[in-house]
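Engineer: Structure below; questions to follow.
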Amino acid sequence: MIKSEIQKIVSKALRQVQDKPFEAEIFVPENENFGHYSTNVALRLAKERKANPMQMAQKITDNLRLTTDNIFEKIEVAAPGFINFWIKPEVLQKELKEILNKKEKYGRLTLMSGVRQTQGKKIQIEFISANPTGPLTIGNGRGGFFGDALANVLKFNGYNVVKEYYINDAKNSTQIKELGKTGTGKGTTYLTKNLKSQISNLKNKIKKLKSKNILNLEGEVGHLLAKEIHKDNQKFIEKILKIKFDKWFFEQSLYDKSSVEKTLNEFKKKNLVYKKDGALWFKSSKFGDLEDRVLIRSAGEPTYFLPDLAYHWDKFKIRKFNKVIDIWGADHHGYIPRLKAGIKAFGIEPGKLTVIITQLARLVKGGKEFKISKRKGTYVTMEDLIKEIGLDAARFFFLMSAPDTHMNFDLDLAKEKSMKNPVYYVQYAAVRAQSILRKSKINPPVGGQMLKVDFNLLNTKEDLDLIRILARFPEIVQETALKYNPQALARYSIELAKQFHNFYEKERVIGPSFADATAGREEKELAAARLVLVQAAIIIFKNIFSLLGISMPKKM
RNA sequence: GUCCCCGUAGCUCAACGGAUAGAGCGUAGCCCUGCGAAGGCUGAGAUCGAGGUUCAAUUCCUCGUGGGGACACCA
């Protein structure tokens, strides 16, 4: 990885001017006049030392020059104290070989680059977890794409990742009872056309339950319906959204396995609960929450909170995840302090739990805002959206922006816009790359032959610009895993596509003369080298597409 | 009322406190009898307002303003 190499070199130079370690931050400047890579250490260090930044930069640079002639073409000190680096073509050409060597493993953390930080670490990432009271909404989809891409990236970086989906199907929960009410004809909550037919499909089973004279009839009926609804949702997620979960976790199982009871006992043992107004309260305000929260209602039934605590007890204490990432919709924001309080009460380091909030997309239809309510049955399903614009466009659209963006989503424009979705821009670049290989009159070098071409021939601006952006792939994935920001990867894919299109327009890979015998030796050698470069680009495209969960078409 | 999130080009979105704020779409112009024009090139075009911290603020702090969300013994 070029960036970390520069980092090492700069750190070394820093030691000449600074005793205690000081981390050098290397970044890629937006403007190419400021180099391929740049650092602001001198500015930082100067601040700490109250020294002149320009002089500091100069001093560091002098130390750099002693040892690094073979890496940098140019090192420049720029006001107010940046140090800018230009990489030698040979370094890029070497990195290109690295891509060809590692192939789809290129960019993964290796022992050299710090795999110890990730190897064996268990991360659980829980997302979508839609209530089994109706189909998936667009909001669920957004969280789904985000979680899936993030999980892919974490896995790529060597973490042991478990993707999990929690189903709130507890028989004694309010929503399931509400659903059951609708199922027994006593209510209309969640009622849609789809639910109606599900109820009628299950009418025999419902009748049977009714005849049994059970205590919690509505809960039982609701649970039955929830199971059906969830079955549909799961099928949709796996088949249409193409998201594979490692585990489907049912809330009801926490009761069946007495996990809820055990968790409650833990709290009691630690003296963290008390009775008030007939309800059982958790002293969550002692752990940073605004107020105490009810665990068991005065009617004797647990709130949603208690089984959720049991669930997180299971995540941390039973399954021993080193890190848990929960991805929730913005409407659950106020719930975070409560859960964090619970985690702290368990004696778990609260930093081990990260809750990522995905903001709700603001839907516009016919020029008017479209208010979503699952309870009222007014929402736009993810299924509708996918039907309209297709999976790739939908995924890319959501993955391009940060989860905390309040997106505006105009459904009327969705289809029209989808044709202009940047995903096609990126896919088209990959298609062009593959097309070159297909159309080549000389056989593209494969396997070990690829490493035997003359890499020095790849020396035009376009060649080198392309290699340079390919070489940034490892930096981007690692950063994405660190910051949990898959949107950076999506943005990078656009940048790469742009660079590839540019290369395609300006540098011919397979010339016309290859069709006949007039092709000269030099021409053939250059073509071979370029064909190898194109294959490297395809490797990176493949990697990105698989991380983002987007297909890589051969033709469009 | 209190708390959280957001306000960037005409539109949808980017930008660990860094330099001349980036893309895509739209828009004005140019480029296909040579790897697919779903493309390339050249333009025009933006940080909600007021203070503050900093060598440096879209980013951090305060106040205001506009929008979204949350403030249950719902989930």
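Quick note on naming: the chains in the structure tokens go A, B, ... in the order shown, residues restart at 1 in each chain, and ligands are numbered from 1 in order of appearance.
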Taking only residues of chain B that have an atom at most 7 Å from an atom of chain A, what is each one's shortest atom pair and its distance in Å to one decimal, using only C-alpha atoms (C1' of nucleotides), in chain and number order, as JSON lines?
Structural biologist:
```
{"residue": "B:C4", "atom": "C1'", "partner": "A:His333", "partner_atom": "CA", "distance": 7.0}
{"residue": "B:C5", "atom": "C1'", "partner": "A:Asp404", "partner_atom": "CA", "distance": 6.8}
{"residue": "B:C6", "atom": "C1'", "partner": "A:His406", "partner_atom": "CA", "distance": 6.1}
{"residue": "B:C13", "atom": "C1'", "partner": "A:Ser401", "partner_atom": "CA", "distance": 6.3}
{"residue": "B:G24", "atom": "C1'", "partner": "A:Pro422", "partner_atom": "CA", "distance": 6.1}
{"residue": "B:C25", "atom": "C1'", "partner": "A:Lys420", "partner_atom": "CA", "distance": 6.9}
{"residue": "B:G34", "atom": "C1'", "partner": "A:Pro512", "partner_atom": "CA", "distance": 6.2}
{"residue": "B:C35", "atom": "C1'", "partner": "A:Ile436", "partner_atom": "CA", "distance": 4.8}
{"residue": "B:G36", "atom": "C1'", "partner": "A:Arg432", "partner_atom": "CA", "distance": 7.0}
{"residue": "B:A38", "atom": "C1'", "partner": "A:Tyr428", "partner_atom": "CA", "distance": 6.6}
{"residue": "B:G39", "atom": "C1'", "partner": "A:His501", "partner_atom": "CA", "distance": 6.7}
{"residue": "B:G40", "atom": "C1'", "partner": "A:Glu505", "partner_atom": "CA", "distance": 5.9}
{"residue": "B:G69", "atom": "C1'", "partner": "A:Asp331", "partner_atom": "CA", "distance": 5.7}
{"residue": "B:A70", "atom": "C1'", "partner": "A:Gly334", "partner_atom": "CA", "distance": 5.5}
{"residue": "B:C73", "atom": "C1'", "partner": "A:Arg297", "partner_atom": "CA", "distance": 4.5}
{"residue": "B:C74", "atom": "C1'", "partner": "A:Thr174", "partner_atom": "CA", "distance": 6.8}
{"residue": "B:A75", "atom": "C1'", "partner": "A:Tyr304", "partner_atom": "CA", "distance": 6.5}
```
Engineer: Name the residues of stretch 81-303 of chain A that come out as alpha helix (DSSP H) in a backbone DSSP run; write them as a ChimeraX atom specification.
Structural biologist: /A:89-102,138-156,174-183,193-201,203-211,217-235,251-256,259-269
Engineer: Please dump the current selection as an mmCIF file, in the first residue's frame; keep C-alpha atoms.
Structural biologist:
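The result, stored in result-v5.cif:
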```cif
data_model
loop_
_atom_site.group_PDB
_atom_site.id
_atom_site.type_symbol
_atom_site.label_atom_id
_atom_site.label_comp_id
_atom_site.auth_asym_id
_atom_site.auth_seq_id
_atom_site.Cartn_x
_atom_site.Cartn_y
_atom_site.Cartn_z
ATOM 1 C CA PRO A 89 6.278 5.638 -12.166
ATOM 2 C CA GLU A 90 8.321 2.586 -11.176
ATOM 3 C CA VAL A 91 6.627 2.512 -7.796
ATOM 4 C CA LEU A 92 3.244 2.527 -9.468
ATOM 5 C CA GLN A 93 4.287 -0.127 -11.930
ATOM 6 C CA LYS A 94 5.428 -2.255 -9.030
ATOM 7 C CA GLU A 95 2.102 -1.747 -7.314
ATOM 8 C CA LEU A 96 0.385 -2.868 -10.493
ATOM 9 C CA LYS A 97 2.260 -6.165 -10.236
ATOM 10 C CA GLU A 98 1.002 -6.423 -6.696
ATOM 11 C CA ILE A 99 -2.575 -6.196 -7.921
ATOM 12 C CA LEU A 100 -1.970 -8.906 -10.490
ATOM 13 C CA ASN A 101 -0.302 -11.113 -7.902
ATOM 14 C CA LYS A 102 -2.915 -10.774 -5.206
ATOM 15 C CA ILE A 138 -37.724 1.877 1.726
ATOM 16 C CA GLY A 139 -36.248 2.807 5.073
ATOM 17 C CA ASN A 140 -35.656 -0.868 5.861
ATOM 18 C CA GLY A 141 -34.007 -1.205 2.492
ATOM 19 C CA ARG A 142 -31.644 1.636 3.111
ATOM 20 C CA GLY A 143 -30.475 0.090 6.361
ATOM 21 C CA GLY A 144 -30.247 -3.238 4.587
ATOM 22 C CA PHE A 145 -27.951 -2.041 1.845
ATOM 23 C CA PHE A 146 -25.834 -0.106 4.272
ATOM 24 C CA GLY A 147 -25.465 -2.990 6.693
ATOM 25 C CA ASP A 148 -24.749 -5.496 3.970
ATOM 26 C CA ALA A 149 -22.061 -3.398 2.330
ATOM 27 C CA LEU A 150 -20.495 -2.567 5.664
ATOM 28 C CA ALA A 151 -20.449 -6.230 6.633
ATOM 29 C CA ASN A 152 -18.766 -7.079 3.322
ATOM 30 C CA VAL A 153 -16.122 -4.481 3.923
ATOM 31 C CA LEU A 154 -15.455 -5.651 7.467
ATOM 32 C CA LYS A 155 -15.181 -9.221 6.314
ATOM 33 C CA PHE A 156 -12.807 -8.166 3.565
ATOM 34 C CA THR A 174 -48.114 -5.085 21.929
ATOM 35 C CA GLN A 175 -47.570 -5.074 18.194
ATOM 36 C CA ILE A 176 -47.981 -8.818 17.817
ATOM 37 C CA LYS A 177 -51.178 -8.681 19.826
ATOM 38 C CA GLU A 178 -52.372 -5.840 17.638
ATOM 39 C CA LEU A 179 -51.599 -7.948 14.636
ATOM 40 C CA GLY A 180 -53.484 -10.798 16.240
ATOM 41 C CA LYS A 181 -56.440 -8.535 16.851
ATOM 42 C CA THR A 182 -56.557 -7.787 13.177
ATOM 43 C CA GLY A 183 -56.163 -11.479 12.493
ATOM 44 C CA LYS A 193 -54.526 -6.379 0.911
ATOM 45 C CA ASN A 194 -51.637 -8.709 1.417
ATOM 46 C CA LEU A 195 -52.414 -9.249 5.080
ATOM 47 C CA LYS A 196 -56.028 -9.945 4.264
ATOM 48 C CA SER A 197 -55.069 -12.799 2.003
ATOM 49 C CA GLN A 198 -52.594 -14.107 4.556
ATOM 50 C CA ILE A 199 -55.341 -14.117 7.157
ATOM 51 C CA SER A 200 -57.653 -15.978 4.868
ATOM 52 C CA ASN A 201 -54.919 -18.498 4.061
ATOM 53 C CA LYS A 203 -58.165 -19.132 8.668
ATOM 54 C CA ASN A 204 -58.251 -22.802 9.596
ATOM 55 C CA LYS A 205 -55.302 -22.481 11.938
ATOM 56 C CA ILE A 206 -56.778 -19.332 13.431
ATOM 57 C CA LYS A 207 -60.082 -21.080 13.944
ATOM 58 C CA LYS A 208 -58.310 -23.920 15.686
ATOM 59 C CA LEU A 209 -56.565 -21.513 18.044
ATOM 60 C CA LYS A 210 -59.837 -19.774 18.755
ATOM 61 C CA SER A 211 -61.513 -23.041 19.698
ATOM 62 C CA LEU A 217 -55.248 -15.717 21.843
ATOM 63 C CA GLU A 218 -54.304 -12.487 20.119
ATOM 64 C CA GLY A 219 -50.643 -13.045 20.829
ATOM 65 C CA GLU A 220 -50.819 -16.552 19.405
ATOM 66 C CA VAL A 221 -52.682 -15.479 16.301
ATOM 67 C CA GLY A 222 -50.380 -12.509 15.873
ATOM 68 C CA HIS A 223 -47.362 -14.746 16.201
ATOM 69 C CA LEU A 224 -48.769 -17.051 13.565
ATOM 70 C CA LEU A 225 -49.318 -14.154 11.195
ATOM 71 C CA ALA A 226 -45.948 -12.655 12.008
ATOM 72 C CA LYS A 227 -44.337 -15.917 11.005
ATOM 73 C CA GLU A 228 -46.030 -15.751 7.614
ATOM 74 C CA ILE A 229 -45.159 -12.126 7.080
ATOM 75 C CA HIS A 230 -41.600 -12.774 8.068
ATOM 76 C CA LYS A 231 -41.380 -15.703 5.697
ATOM 77 C CA ASP A 232 -42.275 -13.374 2.851
ATOM 78 C CA ASN A 233 -39.829 -10.763 4.045
ATOM 79 C CA GLN A 234 -37.030 -13.268 4.354
ATOM 80 C CA LYS A 235 -37.685 -14.549 0.872
ATOM 81 C CA GLU A 251 -37.421 -12.403 19.921
ATOM 82 C CA GLN A 252 -39.775 -15.146 21.042
ATOM 83 C CA SER A 253 -36.809 -17.501 21.387
ATOM 84 C CA LEU A 254 -35.500 -15.296 24.198
ATOM 85 C CA TYR A 255 -38.616 -16.182 26.156
ATOM 86 C CA ASP A 256 -38.593 -19.813 25.117
ATOM 87 C CA SER A 259 -33.034 -15.670 28.436
ATOM 88 C CA VAL A 260 -35.340 -12.848 29.402
ATOM 89 C CA GLU A 261 -35.807 -14.313 32.831
ATOM 90 C CA LYS A 262 -32.082 -14.857 33.314
ATOM 91 C CA THR A 263 -31.269 -11.321 32.259
ATOM 92 C CA LEU A 264 -33.855 -9.970 34.632
ATOM 93 C CA ASN A 265 -32.322 -12.003 37.434
ATOM 94 C CA GLU A 266 -28.932 -10.501 36.670
ATOM 95 C CA PHE A 267 -30.419 -7.081 37.132
ATOM 96 C CA LYS A 268 -32.108 -8.083 40.329
ATOM 97 C CA LYS A 269 -28.917 -9.604 41.653
#
```
Engineer: Mind checking DSSP for stretch 127-309 of chain A and telling me the strand (DSSP E or B) residues as a ChimeraX atom specification?
Structural biologist: /A:137,160-167,247-250,273-276,279-282,293-296,302
Engineer: Put those residues in a file: N, CA and C atoms, as a PDB file, in the first residue's frame.
Structural biologist:
```
ATOM      1  N   THR A 137     -40.080  -1.602   4.086  1.00  0.00           N
ATOM      2  CA  THR A 137     -40.222  -0.265   3.527  1.00  0.00           C
ATOM      3  C   THR A 137     -38.891   0.179   2.926  1.00  0.00           C
ATOM      4  N   ASN A 160     -14.183 -11.362  11.678  1.00  0.00           N
ATOM      5  CA  ASN A 160     -15.115 -12.478  11.666  1.00  0.00           C
ATOM      6  C   ASN A 160     -16.512 -11.883  11.875  1.00  0.00           C
ATOM      7  N   VAL A 161     -17.257 -11.774  10.789  1.00  0.00           N
ATOM      8  CA  VAL A 161     -18.500 -11.005  10.833  1.00  0.00           C
ATOM      9  C   VAL A 161     -19.739 -11.904  10.839  1.00  0.00           C
ATOM     10  N   VAL A 162     -20.659 -11.599  11.708  1.00  0.00           N
ATOM     11  CA  VAL A 162     -21.954 -12.285  11.700  1.00  0.00           C
ATOM     12  C   VAL A 162     -23.048 -11.272  11.387  1.00  0.00           C
ATOM     13  N   LYS A 163     -23.735 -11.511  10.287  1.00  0.00           N
ATOM     14  CA  LYS A 163     -24.844 -10.629   9.895  1.00  0.00           C
ATOM     15  C   LYS A 163     -26.136 -11.188  10.469  1.00  0.00           C
ATOM     16  N   GLU A 164     -26.814 -10.359  11.170  1.00  0.00           N
ATOM     17  CA  GLU A 164     -27.965 -10.874  11.901  1.00  0.00           C
ATOM     18  C   GLU A 164     -29.208  -9.994  11.756  1.00  0.00           C
ATOM     19  N   TYR A 165     -30.336 -10.645  11.801  1.00  0.00           N
ATOM     20  CA  TYR A 165     -31.626  -9.985  11.630  1.00  0.00           C
ATOM     21  C   TYR A 165     -32.500 -10.402  12.805  1.00  0.00           C
ATOM     22  N   TYR A 166     -33.038  -9.425  13.505  1.00  0.00           N
ATOM     23  CA  TYR A 166     -33.830  -9.682  14.712  1.00  0.00           C
ATOM     24  C   TYR A 166     -35.298  -9.527  14.376  1.00  0.00           C
ATOM     25  N   ILE A 167     -36.074 -10.508  14.739  1.00  0.00           N
ATOM     26  CA  ILE A 167     -37.497 -10.448  14.420  1.00  0.00           C
ATOM     27  C   ILE A 167     -38.306 -10.276  15.697  1.00  0.00           C
ATOM     28  N   LYS A 247     -27.704 -15.198  10.493  1.00  0.00           N
ATOM     29  CA  LYS A 247     -28.590 -15.653  11.556  1.00  0.00           C
ATOM     30  C   LYS A 247     -29.867 -14.829  11.595  1.00  0.00           C
ATOM     31  N   TRP A 248     -30.985 -15.535  11.731  1.00  0.00           N
ATOM     32  CA  TRP A 248     -32.279 -14.893  11.922  1.00  0.00           C
ATOM     33  C   TRP A 248     -32.648 -15.134  13.367  1.00  0.00           C
ATOM     34  N   PHE A 249     -32.710 -14.082  14.133  1.00  0.00           N
ATOM     35  CA  PHE A 249     -32.895 -14.231  15.579  1.00  0.00           C
ATOM     36  C   PHE A 249     -34.309 -13.820  15.975  1.00  0.00           C
ATOM     37  N   PHE A 250     -35.039 -14.750  16.573  1.00  0.00           N
ATOM     38  CA  PHE A 250     -36.424 -14.467  16.926  1.00  0.00           C
ATOM     39  C   PHE A 250     -36.550 -14.032  18.383  1.00  0.00           C
ATOM     40  N   VAL A 273     -32.890  -2.817  39.889  1.00  0.00           N
ATOM     41  CA  VAL A 273     -34.320  -2.635  39.594  1.00  0.00           C
ATOM     42  C   VAL A 273     -35.084  -2.278  40.865  1.00  0.00           C
ATOM     43  N   TYR A 274     -36.247  -1.698  40.658  1.00  0.00           N
ATOM     44  CA  TYR A 274     -37.116  -1.384  41.801  1.00  0.00           C
ATOM     45  C   TYR A 274     -38.557  -1.341  41.330  1.00  0.00           C
ATOM     46  N   LYS A 275     -39.457  -1.469  42.280  1.00  0.00           N
ATOM     47  CA  LYS A 275     -40.888  -1.437  41.949  1.00  0.00           C
ATOM     48  C   LYS A 275     -41.441  -0.042  42.168  1.00  0.00           C
ATOM     49  N   LYS A 276     -42.294   0.366  41.258  1.00  0.00           N
ATOM     50  CA  LYS A 276     -42.974   1.646  41.419  1.00  0.00           C
ATOM     51  C   LYS A 276     -44.261   1.613  40.595  1.00  0.00           C
ATOM     52  N   ALA A 279     -45.111  -1.338  38.539  1.00  0.00           N
ATOM     53  CA  ALA A 279     -44.233  -1.778  37.455  1.00  0.00           C
ATOM     54  C   ALA A 279     -42.823  -1.991  37.987  1.00  0.00           C
ATOM     55  N   LEU A 280     -42.037  -2.730  37.228  1.00  0.00           N
ATOM     56  CA  LEU A 280     -40.645  -2.948  37.601  1.00  0.00           C
ATOM     57  C   LEU A 280     -39.743  -2.063  36.737  1.00  0.00           C
ATOM     58  N   TRP A 281     -38.934  -1.262  37.411  1.00  0.00           N
ATOM     59  CA  TRP A 281     -38.107  -0.274  36.711  1.00  0.00           C
ATOM     60  C   TRP A 281     -36.645  -0.622  36.782  1.00  0.00           C
ATOM     61  N   PHE A 282     -35.929  -0.242  35.724  1.00  0.00           N
ATOM     62  CA  PHE A 282     -34.469  -0.378  35.672  1.00  0.00           C
ATOM     63  C   PHE A 282     -33.863   0.999  35.957  1.00  0.00           C
ATOM     64  N   ARG A 293     -36.307   3.317  33.274  1.00  0.00           N
ATOM     65  CA  ARG A 293     -37.197   2.726  32.271  1.00  0.00           C
ATOM     66  C   ARG A 293     -37.900   1.492  32.831  1.00  0.00           C
ATOM     67  N   VAL A 294     -39.101   1.304  32.339  1.00  0.00           N
ATOM     68  CA  VAL A 294     -39.886   0.157  32.776  1.00  0.00           C
ATOM     69  C   VAL A 294     -39.422  -1.121  32.078  1.00  0.00           C
ATOM     70  N   LEU A 295     -39.246  -2.154  32.871  1.00  0.00           N
ATOM     71  CA  LEU A 295     -38.911  -3.457  32.305  1.00  0.00           C
ATOM     72  C   LEU A 295     -40.143  -4.350  32.253  1.00  0.00           C
ATOM     73  N   ILE A 296     -40.913  -4.283  33.359  1.00  0.00           N
ATOM     74  CA  ILE A 296     -42.149  -5.063  33.396  1.00  0.00           C
ATOM     75  C   ILE A 296     -43.312  -4.155  33.750  1.00  0.00           C
ATOM     76  N   PRO A 302     -43.630  -7.852  30.030  1.00  0.00           N
ATOM     77  CA  PRO A 302     -42.385  -7.131  29.789  1.00  0.00           C
ATOM     78  C   PRO A 302     -42.553  -6.095  28.673  1.00  0.00           C
TER      79      PRO A 302
END
```
Engineer: If I take atom CA of A:Gly187 and atom CA of A:Leu202, how far is one from the other in Å, to one decimal?
Structural biologist: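 The value is 16.7 Å.
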Engineer: In Å, how far is it from atom C1' of B:G45 to atom C1' of B:A9?
Structural biologist: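 Computing it gives 5.0 Å between the two atoms.
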Engineer: Skipping near chain neighbours, those fewer than 5 positions away, what residues fall within 9 Å of A:Leu14 using only C-alpha atoms (C1' of nucleotides), listed as a PyMOL selection string?
Structural biologist: chain A and resi 9+19+21-24+41+60+63-64
Engineer: Residues as selected, N, CA and C atoms, written as a tab-separated table (two decimals), in the first residue's frame, can you do that?
Structural biologist:
```
chain	number	residue	atom	x	y	z
A	9	ILE	N	7.88	6.13	5.84
A	9	ILE	CA	9.04	6.96	5.49
A	9	ILE	C	9.00	8.29	6.23
A	19	ASP	N	11.54	13.52	19.13
A	19	ASP	CA	11.83	12.34	19.94
A	19	ASP	C	10.63	11.42	20.08
A	21	PRO	N	7.05	9.74	19.36
A	21	PRO	CA	6.39	9.41	18.09
A	21	PRO	C	5.24	10.38	17.78
A	22	PHE	N	5.16	10.70	16.54
A	22	PHE	CA	4.15	11.65	16.12
A	22	PHE	C	3.55	11.10	14.84
A	23	GLU	N	2.26	10.90	14.84
A	23	GLU	CA	1.68	10.22	13.69
A	23	GLU	C	1.53	11.15	12.49
A	24	ALA	N	2.08	10.68	11.40
A	24	ALA	CA	1.98	11.46	10.17
A	24	ALA	C	0.72	11.06	9.42
A	41	VAL	N	1.90	17.01	8.56
A	41	VAL	CA	2.60	16.83	9.84
A	41	VAL	C	3.35	18.07	10.28
A	60	ILE	N	11.93	18.42	7.85
A	60	ILE	CA	11.46	17.04	7.65
A	60	ILE	C	11.81	16.58	6.25
A	63	ASN	N	15.34	15.52	5.71
A	63	ASN	CA	15.59	14.17	6.21
A	63	ASN	C	15.01	13.10	5.31
A	64	LEU	N	13.90	13.44	4.68
A	64	LEU	CA	13.27	12.50	3.75
A	64	LEU	C	14.17	12.21	2.56
```
Engineer: What's the 9 Å shell around A:Glu73, counting only C-alpha atoms (C1' of nucleotides), without same-chain residues fewer than 4 positions away, as a list of chain:residue names?
Structural biologist: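 Once the adjacent positions are removed, what remains is A:Asp69, A:Phe85, A:Trp86, A:Ile87, A:Lys88, A:Pro89.
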Engineer: For the residues in that selection, give me N, CA and C atoms as a JSON list (two decimals), in the first residue's frame.
Structural biologist:
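Once everything was written out, this is result_14.json:
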```
[["chain", "number", "residue", "atom", "x", "y", "z"],
["A", 69, "ASP", "N", 15.09, 8.45, -2.47],
["A", 69, "ASP", "CA", 15.19, 8.85, -3.87],
["A", 69, "ASP", "C", 14.50, 7.89, -4.82],
["A", 85, "PHE", "N", 4.05, 15.03, -2.21],
["A", 85, "PHE", "CA", 4.85, 13.96, -2.80],
["A", 85, "PHE", "C", 4.34, 13.58, -4.19],
["A", 86, "TRP", "N", 5.30, 13.40, -5.07],
["A", 86, "TRP", "CA", 4.98, 12.83, -6.38],
["A", 86, "TRP", "C", 5.66, 11.48, -6.46],
["A", 87, "ILE", "N", 4.88, 10.47, -6.83],
["A", 87, "ILE", "CA", 5.39, 9.10, -6.83],
["A", 87, "ILE", "C", 6.07, 8.79, -8.16],
["A", 88, "LYS", "N", 7.14, 8.05, -8.10],
["A", 88, "LYS", "CA", 7.82, 7.63, -9.33],
["A", 88, "LYS", "C", 6.99, 6.58, -10.07],
["A", 89, "PRO", "N", 7.03, 6.63, -11.38],
["A", 89, "PRO", "CA", 6.28, 5.64, -12.17],
["A", 89, "PRO", "C", 6.63, 4.20, -11.79]]
```
